[in-house]
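Trainee: See model_33.cif below, with mmCIF, C-alpha atoms and all ligand atoms.
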```cif
data_run
#
loop_
_atom_site.label_atom_id
_atom_site.label_comp_id
_atom_site.auth_asym_id
_atom_site.auth_seq_id
_atom_site.Cartn_x
_atom_site.Cartn_y
_atom_site.Cartn_z
CA MET A 179 -5.68 83.23 -80.89
CA GLN A 180 -3.85 80.80 -83.11
CA PHE A 181 -3.81 77.16 -84.08
CA PHE A 182 -1.02 75.27 -85.84
CA ALA A 183 -0.80 71.50 -86.39
CA PRO A 184 1.38 70.78 -89.42
CA THR A 185 2.05 67.05 -89.00
CA LYS A 186 0.27 64.73 -91.41
CA VAL A 187 -1.17 61.91 -89.32
CA TYR A 188 -2.47 58.50 -90.32
CA LEU A 189 -3.99 56.42 -87.55
CA GLU A 190 -4.98 52.95 -88.77
CA LYS A 191 -3.93 49.32 -88.71
CA ASP A 192 -0.87 48.62 -90.89
CA CYS A 193 -0.45 52.32 -91.67
CA VAL A 194 3.34 52.06 -92.24
CA ARG A 195 2.71 49.62 -95.09
CA ASN A 196 -0.39 51.46 -96.32
CA HIS A 197 1.43 54.80 -96.59
CA GLN A 198 4.85 53.64 -97.70
CA LYS A 199 4.92 56.02 -100.65
CA GLU A 200 4.68 58.99 -98.32
CA LEU A 201 7.15 57.47 -95.89
CA LEU A 202 9.65 57.30 -98.76
CA SER A 203 8.98 60.83 -99.98
CA PHE A 204 11.00 62.78 -97.40
CA GLY A 205 14.56 61.67 -98.11
CA THR A 206 16.95 59.27 -99.78
CA ARG A 207 19.13 58.05 -96.87
CA ALA A 208 17.33 57.24 -93.63
CA LEU A 209 18.64 57.28 -90.08
CA ILE A 210 16.35 55.13 -87.93
CA VAL A 211 16.35 56.16 -84.27
CA THR A 212 14.95 53.64 -81.80
CA GLY A 213 15.37 51.93 -78.42
CA LYS A 214 17.24 48.76 -77.63
CA HIS A 215 14.50 46.10 -77.75
CA SER A 216 10.85 47.00 -78.02
CA SER A 217 10.63 48.08 -81.67
CA ARG A 218 12.03 44.67 -82.64
CA ALA A 219 9.55 42.86 -80.38
CA ASN A 220 6.42 44.75 -81.46
CA GLY A 221 7.10 44.66 -85.22
CA SER A 222 7.35 48.42 -85.78
CA LEU A 223 11.02 48.34 -86.80
CA GLN A 224 10.43 45.49 -89.25
CA ASP A 225 7.44 47.29 -90.77
CA VAL A 226 9.65 50.30 -91.56
CA LEU A 227 12.61 48.19 -92.72
CA SER A 228 10.39 46.24 -95.12
CA VAL A 229 9.38 49.49 -96.82
CA LEU A 230 12.96 50.83 -97.02
CA GLN A 231 14.38 47.51 -98.23
CA ALA A 232 11.73 47.04 -100.93
CA ALA A 233 12.52 50.54 -102.23
CA GLU A 234 16.31 49.96 -101.87
CA VAL A 235 16.67 53.07 -99.72
CA PRO A 236 19.96 53.02 -97.78
CA TYR A 237 19.39 53.17 -94.02
CA MET A 238 21.26 53.02 -90.76
CA ILE A 239 19.80 51.97 -87.39
CA TYR A 240 20.79 53.80 -84.21
CA ASP A 241 19.20 51.72 -81.45
CA ASP A 242 20.93 53.05 -78.35
CA ILE A 243 18.25 55.51 -77.20
CA GLU A 244 17.63 55.15 -73.47
CA GLU A 245 14.50 56.17 -71.56
CA ASN A 246 14.53 59.95 -70.96
CA PRO A 247 17.29 60.35 -73.57
CA SER A 248 20.25 62.55 -72.73
CA VAL A 249 21.92 65.35 -74.65
CA GLU A 250 25.03 63.13 -74.79
CA THR A 251 23.09 60.30 -76.48
CA VAL A 252 21.55 62.50 -79.17
CA ALA A 253 24.97 64.07 -79.85
CA ALA A 254 26.52 60.60 -80.34
CA ALA A 255 23.65 59.50 -82.62
CA ALA A 256 23.94 62.69 -84.67
CA GLU A 257 27.65 62.03 -85.30
CA GLU A 258 26.73 58.64 -86.77
CA GLY A 259 23.93 60.17 -88.81
CA LYS A 260 26.29 62.80 -90.24
CA ALA A 261 28.89 60.17 -91.17
CA PHE A 262 26.13 58.20 -92.91
CA ARG A 263 24.96 61.37 -94.72
CA ALA A 264 21.36 60.83 -93.58
CA ASP A 265 18.80 63.23 -95.06
CA VAL A 266 15.72 61.99 -93.16
CA VAL A 267 15.30 60.72 -89.59
CA ILE A 268 12.71 58.08 -88.67
CA GLY A 269 11.94 57.79 -84.95
CA ILE A 270 10.35 54.50 -83.87
CA GLY A 271 9.27 53.81 -80.29
CA GLY A 272 8.00 55.67 -77.27
CA GLY A 273 8.50 59.36 -76.59
CA SER A 274 12.18 58.81 -75.87
CA PRO A 275 13.22 57.74 -79.40
CA LEU A 276 10.74 60.18 -80.99
CA ASP A 277 12.08 63.15 -79.02
CA ALA A 278 15.65 62.00 -79.64
CA ALA A 279 14.91 61.77 -83.40
CA LYS A 280 13.90 65.45 -83.45
CA ALA A 281 17.04 66.65 -81.66
CA ILE A 282 19.25 64.39 -83.82
CA ALA A 283 17.57 65.74 -86.99
CA LEU A 284 18.48 69.26 -85.84
CA LEU A 285 22.12 68.41 -85.12
CA ILE A 286 22.63 66.53 -88.41
CA ALA A 287 21.23 69.46 -90.39
CA ASN A 288 23.64 71.88 -88.64
CA PRO A 289 27.06 70.21 -88.66
CA GLN A 290 28.75 73.53 -87.75
CA GLU A 291 27.00 73.43 -84.34
CA ASP A 292 27.72 71.27 -81.30
CA ALA A 293 25.10 69.98 -78.84
CA ASP A 294 25.18 73.27 -76.87
CA CYS A 295 23.00 74.74 -79.62
CA LEU A 296 20.06 72.61 -78.45
CA TYR A 297 19.39 75.03 -75.61
CA LYS A 298 20.19 78.28 -77.43
CA SER A 299 17.86 80.40 -79.53
CA LYS A 300 19.33 80.25 -83.00
CA GLU A 301 17.70 80.22 -86.42
CA LEU A 302 18.21 76.53 -87.11
CA THR A 303 16.09 74.07 -89.02
CA ALA A 304 16.11 70.28 -88.85
CA LEU A 305 16.05 67.38 -91.32
CA PRO A 306 12.55 65.98 -91.91
CA VAL A 307 11.38 63.67 -89.12
CA ILE A 308 8.95 60.76 -89.48
CA ALA A 309 7.47 59.36 -86.25
CA VAL A 310 6.12 55.87 -85.56
CA PRO A 311 4.90 55.80 -81.93
CA THR A 312 4.69 52.55 -79.97
CA THR A 313 3.46 53.91 -76.62
CA CYS A 314 0.20 55.73 -75.95
CA GLY A 315 1.33 58.74 -73.96
CA THR A 316 3.65 61.42 -75.16
CA GLY A 317 1.99 62.44 -78.42
CA SER A 318 5.51 63.36 -79.54
CA GLU A 319 4.55 62.29 -83.07
CA VAL A 320 2.43 65.46 -83.34
CA THR A 321 4.16 67.87 -80.95
CA PRO A 322 7.09 70.22 -81.67
CA ASN A 323 8.83 69.33 -78.39
CA ALA A 324 11.84 67.18 -77.62
CA VAL A 325 12.50 66.66 -73.91
CA LEU A 326 16.08 65.65 -73.10
CA THR A 327 17.87 64.79 -69.88
CA ARG A 328 20.50 67.38 -69.06
CA HIS A 329 22.88 65.65 -66.67
CA ALA A 330 24.84 68.89 -66.33
CA PHE A 331 21.74 70.44 -64.70
CA LYS A 332 20.40 67.23 -63.06
CA THR A 333 17.00 67.60 -64.76
CA LYS A 334 15.05 67.29 -68.02
CA LYS A 335 14.09 70.12 -70.34
CA SER A 336 12.59 70.68 -73.79
CA ILE A 337 15.11 71.82 -76.39
CA SER A 338 14.72 75.38 -77.67
CA TYR A 339 13.39 74.49 -81.14
CA ASN A 340 9.98 73.54 -82.47
CA ILE A 341 10.39 70.43 -84.61
CA TYR A 342 7.13 68.94 -85.79
CA PRO A 343 7.39 65.55 -87.49
CA GLU A 344 6.38 65.76 -91.15
CA LEU A 345 4.54 62.47 -90.93
CA ALA A 346 3.13 60.40 -88.05
CA LEU A 347 2.21 56.77 -88.71
CA VAL A 348 0.14 55.63 -85.73
CA ASP A 349 -0.88 52.00 -85.33
CA GLY A 350 -2.49 50.59 -82.17
CA LYS A 351 -1.21 47.09 -82.96
CA TYR A 352 2.23 48.03 -81.57
CA LEU A 353 0.67 48.35 -78.10
CA ALA A 354 -0.30 44.67 -77.99
CA SER A 355 3.12 43.65 -76.63
CA ALA A 356 3.32 46.40 -74.00
CA SER A 357 3.24 45.59 -70.28
CA GLY A 358 0.36 46.71 -68.08
CA HIS A 359 2.62 49.22 -66.33
CA LEU A 360 3.74 50.78 -69.60
CA LEU A 361 0.17 51.11 -70.88
CA ILE A 362 -1.03 52.67 -67.61
CA ASN A 363 1.92 55.02 -67.26
CA THR A 364 1.82 56.25 -70.83
CA ALA A 365 -1.99 56.57 -70.93
CA VAL A 366 -1.73 58.69 -67.77
CA ASP A 367 0.83 60.91 -69.53
CA ALA A 368 -1.80 61.56 -72.23
CA LEU A 369 -4.31 62.34 -69.47
CA ALA A 370 -1.86 64.82 -67.93
CA HIS A 371 -1.45 66.48 -71.33
CA CYS A 372 -5.22 66.97 -71.67
CA VAL A 373 -5.64 68.28 -68.12
CA GLU A 374 -2.58 70.57 -68.17
CA SER A 375 -3.48 71.95 -71.59
CA ARG A 376 -7.12 72.57 -70.59
CA LEU A 377 -6.00 74.44 -67.45
CA HIS A 378 -3.18 76.34 -69.15
CA VAL A 379 -2.68 80.10 -69.42
CA LYS A 380 -2.73 79.70 -73.23
CA ALA A 381 -5.89 77.56 -73.35
CA ASN A 382 -8.32 78.80 -76.00
CA VAL A 383 -11.36 77.52 -77.86
CA TYR A 384 -9.23 75.86 -80.56
CA ASN A 385 -7.21 73.82 -78.16
CA HIS A 386 -10.26 73.06 -76.01
CA MET A 387 -11.38 70.98 -79.02
CA PHE A 388 -8.37 68.76 -78.44
CA SER A 389 -7.99 68.80 -74.66
CA GLU A 390 -11.72 68.26 -74.07
CA TYR A 391 -12.11 65.60 -76.77
CA GLY A 392 -9.00 63.91 -75.37
CA LEU A 393 -10.63 63.82 -71.92
CA THR A 394 -13.77 62.30 -73.46
CA LEU A 395 -11.65 59.61 -75.09
CA TRP A 396 -9.81 59.05 -71.83
CA LYS A 397 -13.11 58.35 -70.07
CA LYS A 398 -13.58 55.49 -72.55
CA ILE A 399 -10.27 53.88 -71.60
CA VAL A 400 -10.82 54.05 -67.82
CA PRO A 401 -12.42 50.54 -67.81
CA ALA A 402 -9.47 49.12 -69.80
CA LEU A 403 -6.93 50.62 -67.38
CA THR A 404 -8.93 49.40 -64.39
CA LYS A 405 -8.93 45.88 -65.85
CA ILE A 406 -5.15 46.00 -66.33
CA ALA A 407 -4.59 47.24 -62.76
CA GLU A 408 -6.87 44.57 -61.31
CA HIS A 409 -5.25 41.70 -63.26
CA PRO A 410 -1.51 42.36 -62.96
CA GLU A 411 -0.65 38.73 -63.77
CA THR A 412 -2.54 38.73 -67.09
CA ALA A 413 -1.02 40.07 -70.31
CA PRO A 414 -2.91 43.22 -71.39
CA SER A 415 -3.40 41.70 -74.86
CA ASP A 416 -5.57 39.03 -73.17
CA LEU A 417 -7.64 41.69 -71.43
CA LEU A 418 -8.07 44.40 -74.06
CA THR A 419 -9.44 44.52 -77.60
CA GLU A 420 -7.91 45.92 -80.78
CA GLU A 421 -10.42 48.76 -80.41
CA ASP A 422 -9.11 49.55 -76.88
CA PHE A 423 -5.55 49.86 -78.22
CA LYS A 424 -6.72 52.08 -81.06
CA THR A 425 -8.62 54.36 -78.64
CA MET A 426 -5.54 54.61 -76.41
CA MET A 427 -3.39 55.65 -79.38
CA LEU A 428 -6.03 58.13 -80.52
CA ALA A 429 -6.26 59.67 -77.03
CA SER A 430 -2.48 60.04 -77.05
CA THR A 431 -2.29 61.84 -80.41
CA VAL A 432 -5.25 64.09 -79.56
CA ALA A 433 -3.61 64.96 -76.22
CA GLY A 434 -0.38 65.70 -78.11
CA MET A 435 -2.30 68.06 -80.42
CA ALA A 436 -3.58 69.83 -77.28
CA ILE A 437 -0.14 70.42 -75.72
CA ALA A 438 1.30 71.38 -79.10
CA GLN A 439 -0.82 74.55 -78.75
CA THR A 440 -0.11 75.32 -75.11
CA SER A 441 2.83 73.30 -73.69
CA THR A 442 2.49 71.35 -70.47
CA SER A 443 2.28 72.92 -67.02
CA LEU A 444 3.17 72.41 -63.37
CA PRO A 445 2.60 68.64 -63.00
CA HIS A 446 5.16 68.11 -65.79
CA ALA A 447 7.58 70.54 -64.11
CA LEU A 448 7.25 68.55 -60.85
CA SER A 449 7.58 65.24 -62.73
CA TYR A 450 11.04 66.09 -64.05
CA GLU A 451 12.36 66.18 -60.46
CA ILE A 452 10.75 62.84 -59.63
CA THR A 453 11.95 61.15 -62.81
CA TYR A 454 15.49 62.49 -62.69
CA ASN A 455 16.09 61.84 -58.99
CA HIS A 456 13.94 58.76 -58.32
CA GLY A 457 13.68 57.02 -61.72
CA VAL A 458 9.87 57.18 -61.75
CA PRO A 459 8.50 56.64 -65.31
CA HIS A 460 7.35 59.85 -66.98
CA GLY A 461 3.58 59.26 -67.08
CA LYS A 462 3.38 58.10 -63.48
CA ALA A 463 5.57 61.02 -62.38
CA CYS A 464 3.10 63.47 -63.98
CA GLY A 465 -0.15 61.70 -63.11
CA ILE A 466 0.63 61.42 -59.42
CA PHE A 467 0.31 65.24 -59.13
CA LEU A 468 -2.86 65.80 -61.16
CA ALA A 469 -5.51 65.61 -58.43
CA ALA A 470 -3.67 67.91 -55.98
CA TYR A 471 -2.85 70.27 -58.84
CA MET A 472 -6.53 70.47 -59.79
CA GLU A 473 -7.46 71.15 -56.16
CA GLU A 474 -5.05 74.08 -56.11
CA TYR A 475 -6.36 75.37 -59.46
CA ALA A 476 -9.98 75.05 -58.27
CA LYS A 477 -9.33 77.71 -55.62
CA ASN A 478 -9.30 80.19 -58.50
CA ARG A 479 -11.57 78.81 -61.22
CA PRO A 480 -13.53 75.75 -60.06
CA GLU A 481 -15.71 75.73 -63.18
CA ASP A 482 -12.65 74.62 -65.21
CA THR A 483 -11.77 71.73 -62.92
CA ASP A 484 -15.46 70.71 -62.71
CA ARG A 485 -15.48 70.60 -66.50
CA VAL A 486 -12.41 68.33 -66.56
CA LEU A 487 -13.93 66.00 -63.96
CA SER A 488 -17.28 65.80 -65.72
CA LEU A 489 -15.66 64.99 -69.09
CA LEU A 490 -13.68 62.24 -67.36
CA GLY A 491 -16.71 60.93 -65.47
CA PHE A 492 -15.42 61.54 -61.93
CA ASP A 493 -17.51 63.21 -59.20
CA SER A 494 -14.66 64.92 -57.34
CA THR A 495 -10.89 65.45 -57.36
CA LYS A 496 -10.83 63.07 -54.39
CA ASP A 497 -12.34 60.21 -56.47
CA PHE A 498 -10.07 61.12 -59.38
CA GLY A 499 -7.00 61.09 -57.13
CA ALA A 500 -8.01 57.75 -55.59
CA PHE A 501 -8.37 56.19 -59.05
CA LEU A 502 -4.95 57.46 -60.14
CA ALA A 503 -3.33 56.32 -56.89
CA LYS A 504 -4.85 52.84 -57.41
CA ILE A 505 -3.58 52.37 -60.97
CA LEU A 506 -0.22 54.14 -60.50
CA GLY A 507 0.91 53.09 -57.02
CA PRO A 508 2.80 55.36 -54.59
CA VAL A 509 5.94 57.49 -54.94
CA ARG A 510 8.07 58.15 -51.84
CA ILE A 511 10.47 61.04 -51.29
CA SER A 512 12.08 62.57 -48.22
CA GLU A 513 11.22 65.85 -46.51
CA ALA A 514 14.56 67.27 -47.73
CA ASP A 515 13.72 66.28 -51.32
CA LEU A 516 10.32 67.94 -51.02
CA SER A 517 11.94 71.19 -49.99
CA LEU A 518 14.51 71.03 -52.79
CA TYR A 519 11.92 70.23 -55.50
CA ALA A 520 9.63 73.05 -54.34
CA ASP A 521 12.61 75.44 -54.64
CA ASN A 522 13.50 74.10 -58.09
CA VAL A 523 9.99 74.50 -59.44
CA MET A 524 9.79 78.04 -58.01
CA ALA A 525 13.00 78.80 -59.95
CA ASN A 526 11.46 77.50 -63.22
CA ALA A 527 10.00 80.81 -64.41
CA SER A 528 8.90 79.55 -67.82
CA LYS A 529 6.84 76.68 -66.36
CA LEU A 530 5.35 78.89 -63.61
CA ALA A 531 4.20 81.24 -66.36
CA THR A 532 2.04 78.45 -67.83
CA TYR A 533 -0.17 78.53 -64.72
CA PRO A 534 -2.94 81.11 -65.13
CA PHE A 535 -2.73 82.44 -61.55
CA ALA A 536 -0.07 83.49 -59.07
CA ILE A 537 1.26 80.54 -57.10
CA ASP A 538 3.68 80.56 -54.17
CA ARG A 539 6.17 78.09 -52.75
CA ASP A 540 3.76 76.92 -50.03
CA ALA A 541 1.21 75.90 -52.65
CA ILE A 542 3.84 73.99 -54.67
CA ALA A 543 5.04 72.26 -51.48
CA ALA A 544 1.42 71.37 -50.65
CA ILE A 545 0.95 69.73 -54.08
CA LEU A 546 4.09 67.66 -53.46
CA ARG A 547 2.99 66.75 -49.92
CA HIS A 548 -0.55 65.73 -50.91
CA SER A 549 0.61 63.68 -53.91
CA LEU A 550 3.58 61.76 -52.52
CA GLU A 551 4.45 59.68 -49.47
CA ILE A 552 6.94 61.76 -47.50
CA THR A 553 9.50 59.95 -45.37
CA ALA A 554 11.46 61.60 -42.54
P1 LIG B 601 9.88 55.59 -73.47
O1 LIG B 601 10.90 56.14 -72.53
O2 LIG B 601 9.98 55.95 -74.89
O3 LIG B 601 9.88 54.00 -73.36
C1 LIG B 601 9.72 53.38 -72.10
C2 LIG B 601 9.99 51.89 -72.21
O4 LIG B 601 8.96 51.27 -72.96
C3 LIG B 601 11.30 51.53 -72.90
O5 LIG B 601 11.91 50.51 -72.13
C4 LIG B 601 10.86 50.97 -74.26
O6 LIG B 601 11.71 49.95 -74.69
C5 LIG B 601 9.50 50.39 -73.92
N1 LIG B 601 8.53 50.31 -75.04
C6 LIG B 601 8.22 51.26 -75.95
N2 LIG B 601 7.20 50.82 -76.74
C7 LIG B 601 6.88 49.57 -76.32
C8 LIG B 601 5.91 48.60 -76.73
N3 LIG B 601 5.04 48.86 -77.71
N4 LIG B 601 5.88 47.41 -76.09
C9 LIG B 601 6.74 47.15 -75.05
N5 LIG B 601 7.68 48.02 -74.61
C10 LIG B 601 7.73 49.22 -75.24
O7 LIG B 601 8.43 55.93 -72.88
P2 LIG B 601 7.39 57.11 -73.15
O8 LIG B 601 6.65 57.28 -71.89
O9 LIG B 601 6.66 56.90 -74.40
O10 LIG B 601 8.32 58.40 -73.37
C11 LIG B 601 8.81 59.15 -72.29
C12 LIG B 601 9.66 60.30 -72.80
O11 LIG B 601 8.86 61.18 -73.61
C13 LIG B 601 10.19 61.14 -71.65
O12 LIG B 601 11.52 61.53 -71.90
C14 LIG B 601 9.25 62.34 -71.65
O13 LIG B 601 9.84 63.49 -71.06
C15 LIG B 601 9.01 62.52 -73.13
N6 LIG B 601 7.79 63.30 -73.44
C16 LIG B 601 7.77 64.04 -74.59
C17 LIG B 601 6.66 64.80 -74.92
C18 LIG B 601 6.65 65.61 -76.19
O14 LIG B 601 5.75 66.41 -76.42
N7 LIG B 601 7.61 65.45 -77.06
C19 LIG B 601 5.54 64.81 -74.10
C20 LIG B 601 5.57 64.04 -72.93
C21 LIG B 601 6.69 63.28 -72.64
P3 LIG B 601 12.97 50.21 -75.69
O15 LIG B 601 13.90 51.12 -74.96
O16 LIG B 601 13.53 48.86 -75.93
O17 LIG B 601 12.39 50.84 -76.91
FE FE B 602 4.33 64.13 -70.89
#
```
Show me the file's structure as structure tokens.

Mentor:
Amino acid sequence: MQFFAPTKVYLEKDCVRNHQKELLSFGTRALIVTGKHSSRANGSLQDVLSVLQAAEVPYMIYDDIEENPSVETVAAAAEEGKAFRADVVIGIGGGSPLDAAKAIALLIANPQEDADCLYKSKELTALPVIAVPTTCGTGSEVTPNAVLTRHAFKTKKSISYNIYPELALVDGKYLASASGHLLINTAVDALAHCVESRLHVKANVYNHMFSEYGLTLWKKIVPALTKIAEHPETAPSDLLTEEDFKTMMLASTVAGMAIAQTSTSLPHALSYEITYNHGVPHGKACGIFLAAYMEEYAKNRPEDTDRVLSLLGFDSTKDFGAFLAKILGPVRISEADLSLYADNVMANASKLATYPFAIDRDAIAAILRHSLEITA
């Protein structure tokens, strides 16, 4: 049994400003990795820039990170980072910029390598990474994973290296400008992390502390998510309190600490097909499978799924599934897609190995069929 969680985390209002000395302690030339718009709108980019500017630290902003970032994007960003001679990478945004920051930090630190190295097993280390999350789902600020889109393989996959951020500066205030859909989708990603980690082949008493506490926190945000879903015309900041946003961020980091010990499992493997081929946002693409996945798991060890449901405050997987369907909305695929995705997941040996029991293609197809609307 082991436990490893090396990232230093601060979770508090104005934590970038409060911990600027530490933010400045990891390098002398900063590459900032972020998305096109949101970090400007929610103030996170300006918070970091204010610290760097006051300390006269040279920086460069790479703001071309797309959702579900591709290998090609991180390779292009790394070229700019090398030319700038960056020695620290600061990721600001949702999981996409944070994951991209990790892969970019690896490529900058290894200029002799090209992007093919991302999916090889070499002895490579990365530049230090600092993470400032602005969504409440991936937990990437505390996980070693970086999931990239591999267009060459028409799917998404974690790179082969464990890159934990040195420092995570987590502030719920950045969620105030997020849309209802983004909050629901990303919160459901955190839920998937807790459930998949709790039901994982590597689950142990250490990581139960995180997956189970994460589920307890998630129960607290169910009313907030219900309110958002029931008032789609109202801005979430008019419906939720500062405390709600803080709890959502906390649930996300705790869920990240859970998957950092185990990895994710089959709902994430299924989600990559749905996101790559149908553009469904990551959290929704995972959450849509959770209830059917738990029903399959319960055939072997129902006491585990009962535990998950009781921590979340649901009476049955049916009620849980109905709640998720209500806040997420449907996903439609064709019968031919179903067959292809079941084959693809059956070919994903490393993800199948995360499931504690034997599972066959019929069971995977049944999870797809029960979770999605299947068209002819
Ligand atoms: P995301 O792809 O990072 O961002 C989704 C959208 O939300 C973008 O349009 C972004 O805008 C916007 N956005 C971000 N923060 C916002 C805010 N505070 N207010 C308003 N809009 C905001 O979403 P994500 O769900 O956080 O990340 C998904 C990625 O993380 C996927 O690639 C997934 O595979 C990966 N992931 C990683 C791990 C891990 O352990 N590392 C775990 C689970 C998932 P901009 O583009 O303008 O910034
Ligand atoms: Fe996820």

Trainee: For a test of reading the model, state the distance in Å between atom CA of Thr495 of chain A and atom CA of Met472 of chain A, rounded to one decimal.

Mentor: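 Computed distance, atom CA of Thr495 of chain A to atom CA of Met472 of chain A, equals 7.1 Å.
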
Trainee: For chain A versus ligand LIG 601 (chain B), which residues have an atom no more than 6 Å away, and what is each residue's nearest atom pair and distance in Å rounded to one decimal, using all atoms listed in the file, chain-then-number order, as a tab-separated table?

Mentor:
```
residue	atom	partner	partner_atom	distance
A:Gly213	CA	B:LIG601	O17	3.5
A:Lys214	CA	B:LIG601	O16	4.1
A:His215	CA	B:LIG601	O16	3.4
A:Ser216	CA	B:LIG601	O16	3.9
A:Ser217	CA	B:LIG601	O17	5.8
A:Asn220	CA	B:LIG601	N3	5.7
A:Glu244	CA	B:LIG601	O15	5.7
A:Glu245	CA	B:LIG601	O1	3.7
A:Asn246	CA	B:LIG601	O12	3.5
A:Gly271	CA	B:LIG601	N2	5.1
A:Gly272	CA	B:LIG601	O2	3.1
A:Gly273	CA	B:LIG601	O10	3.4
A:Ser274	CA	B:LIG601	O2	3.7
A:Pro275	CA	B:LIG601	O2	5.8
A:Asp277	CA	B:LIG601	N7	5.4
A:Thr312	CA	B:LIG601	N3	4.3
A:Thr313	CA	B:LIG601	N2	4.9
A:Gly315	CA	B:LIG601	O9	5.7
A:Thr316	CA	B:LIG601	C20	3.9
A:Gly317	CA	B:LIG601	O14	5.8
A:Ser318	CA	B:LIG601	N7	3.9
A:Thr321	CA	B:LIG601	O14	5.0
A:Asn323	CA	B:LIG601	N7	4.3
A:Ala324	CA	B:LIG601	N7	4.6
A:Val325	CA	B:LIG601	O13	5.0
A:Tyr352	CA	B:LIG601	N3	4.8
A:Leu353	CA	B:LIG601	N3	4.4
A:Ser355	CA	B:LIG601	N4	4.7
A:Ala356	CA	B:LIG601	N4	3.5
A:Thr364	CA	B:LIG601	O8	5.1
A:His460	CA	B:LIG601	C11	5.6
```

Trainee: Skipping near chain neighbours, those fewer than 3 positions away, what residues fall within 6 Å of segment 507-510 of chain A using only C-alpha atoms, listed as a list of chain:residue names?

Mentor: A:Ala503, A:Lys504, A:Leu550, A:Glu551, A:Ile552

Trainee: Can you work out which one of A:Ser336, A:Ser449, A:Ser357, A:Thr206 has the shortest atom-to-atom distance to Pro414 of chain A, counting only C-alpha atoms?

Mentor: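 Once distances to Pro414 of chain A are computed over only C-alpha atoms, the minimum belongs to A:Ser357.
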
Trainee: If we count only C-alpha atoms, what is near segment 367-379 of chain A at a cut-off of 9 Å, once residues fewer than 6 positions away on the same chain are taken out, given as a PDB file with C-alpha atoms, in the coordinates of the input?

Mentor:
```
ATOM      1  CA  CYS A 314       0.200  55.730 -75.950  1.00  0.00           C
ATOM      2  CA  GLY A 315       1.330  58.740 -73.960  1.00  0.00           C
ATOM      3  CA  THR A 316       3.650  61.420 -75.160  1.00  0.00           C
ATOM      4  CA  GLY A 317       1.990  62.440 -78.420  1.00  0.00           C
ATOM      5  CA  ASN A 385      -7.210  73.820 -78.160  1.00  0.00           C
ATOM      6  CA  HIS A 386     -10.260  73.060 -76.010  1.00  0.00           C
ATOM      7  CA  PHE A 388      -8.370  68.760 -78.440  1.00  0.00           C
ATOM      8  CA  SER A 389      -7.990  68.800 -74.660  1.00  0.00           C
ATOM      9  CA  GLU A 390     -11.720  68.260 -74.070  1.00  0.00           C
ATOM     10  CA  TYR A 391     -12.110  65.600 -76.770  1.00  0.00           C
ATOM     11  CA  GLY A 392      -9.000  63.910 -75.370  1.00  0.00           C
ATOM     12  CA  LEU A 393     -10.630  63.820 -71.920  1.00  0.00           C
ATOM     13  CA  TRP A 396      -9.810  59.050 -71.830  1.00  0.00           C
ATOM     14  CA  MET A 426      -5.540  54.610 -76.410  1.00  0.00           C
ATOM     15  CA  ALA A 429      -6.260  59.670 -77.030  1.00  0.00           C
ATOM     16  CA  SER A 430      -2.480  60.040 -77.050  1.00  0.00           C
ATOM     17  CA  THR A 431      -2.290  61.840 -80.410  1.00  0.00           C
ATOM     18  CA  VAL A 432      -5.250  64.090 -79.560  1.00  0.00           C
ATOM     19  CA  ALA A 433      -3.610  64.960 -76.220  1.00  0.00           C
ATOM     20  CA  GLY A 434      -0.380  65.700 -78.110  1.00  0.00           C
ATOM     21  CA  ALA A 436      -3.580  69.830 -77.280  1.00  0.00           C
ATOM     22  CA  ILE A 437      -0.140  70.420 -75.720  1.00  0.00           C
ATOM     23  CA  ALA A 438       1.300  71.380 -79.100  1.00  0.00           C
ATOM     24  CA  GLN A 439      -0.820  74.550 -78.750  1.00  0.00           C
ATOM     25  CA  THR A 440      -0.110  75.320 -75.110  1.00  0.00           C
ATOM     26  CA  SER A 441       2.830  73.300 -73.690  1.00  0.00           C
ATOM     27  CA  THR A 442       2.490  71.350 -70.470  1.00  0.00           C
ATOM     28  CA  SER A 443       2.280  72.920 -67.020  1.00  0.00           C
ATOM     29  CA  LEU A 444       3.170  72.410 -63.370  1.00  0.00           C
ATOM     30  CA  PRO A 445       2.600  68.640 -63.000  1.00  0.00           C
ATOM     31  CA  HIS A 446       5.160  68.110 -65.790  1.00  0.00           C
ATOM     32  CA  HIS A 460       7.350  59.850 -66.980  1.00  0.00           C
ATOM     33  CA  GLY A 461       3.580  59.260 -67.080  1.00  0.00           C
ATOM     34  CA  LYS A 462       3.380  58.100 -63.480  1.00  0.00           C
ATOM     35  CA  ALA A 463       5.570  61.020 -62.380  1.00  0.00           C
ATOM     36  CA  CYS A 464       3.100  63.470 -63.980  1.00  0.00           C
ATOM     37  CA  GLY A 465      -0.150  61.700 -63.110  1.00  0.00           C
ATOM     38  CA  LEU A 468      -2.860  65.800 -61.160  1.00  0.00           C
ATOM     39  CA  MET A 472      -6.530  70.470 -59.790  1.00  0.00           C
ATOM     40  CA  TYR A 475      -6.360  75.370 -59.460  1.00  0.00           C
ATOM     41  CA  ASP A 482     -12.650  74.620 -65.210  1.00  0.00           C
ATOM     42  CA  THR A 483     -11.770  71.730 -62.920  1.00  0.00           C
ATOM     43  CA  VAL A 486     -12.410  68.330 -66.560  1.00  0.00           C
ATOM     44  CA  ALA A 531       4.200  81.240 -66.360  1.00  0.00           C
ATOM     45  CA  THR A 532       2.040  78.450 -67.830  1.00  0.00           C
ATOM     46  CA  TYR A 533      -0.170  78.530 -64.720  1.00  0.00           C
ATOM     47  CA  PRO A 534      -2.940  81.110 -65.130  1.00  0.00           C
ATOM     48  CA  PHE A 535      -2.730  82.440 -61.550  1.00  0.00           C
TER      49      PHE A 535
END
```
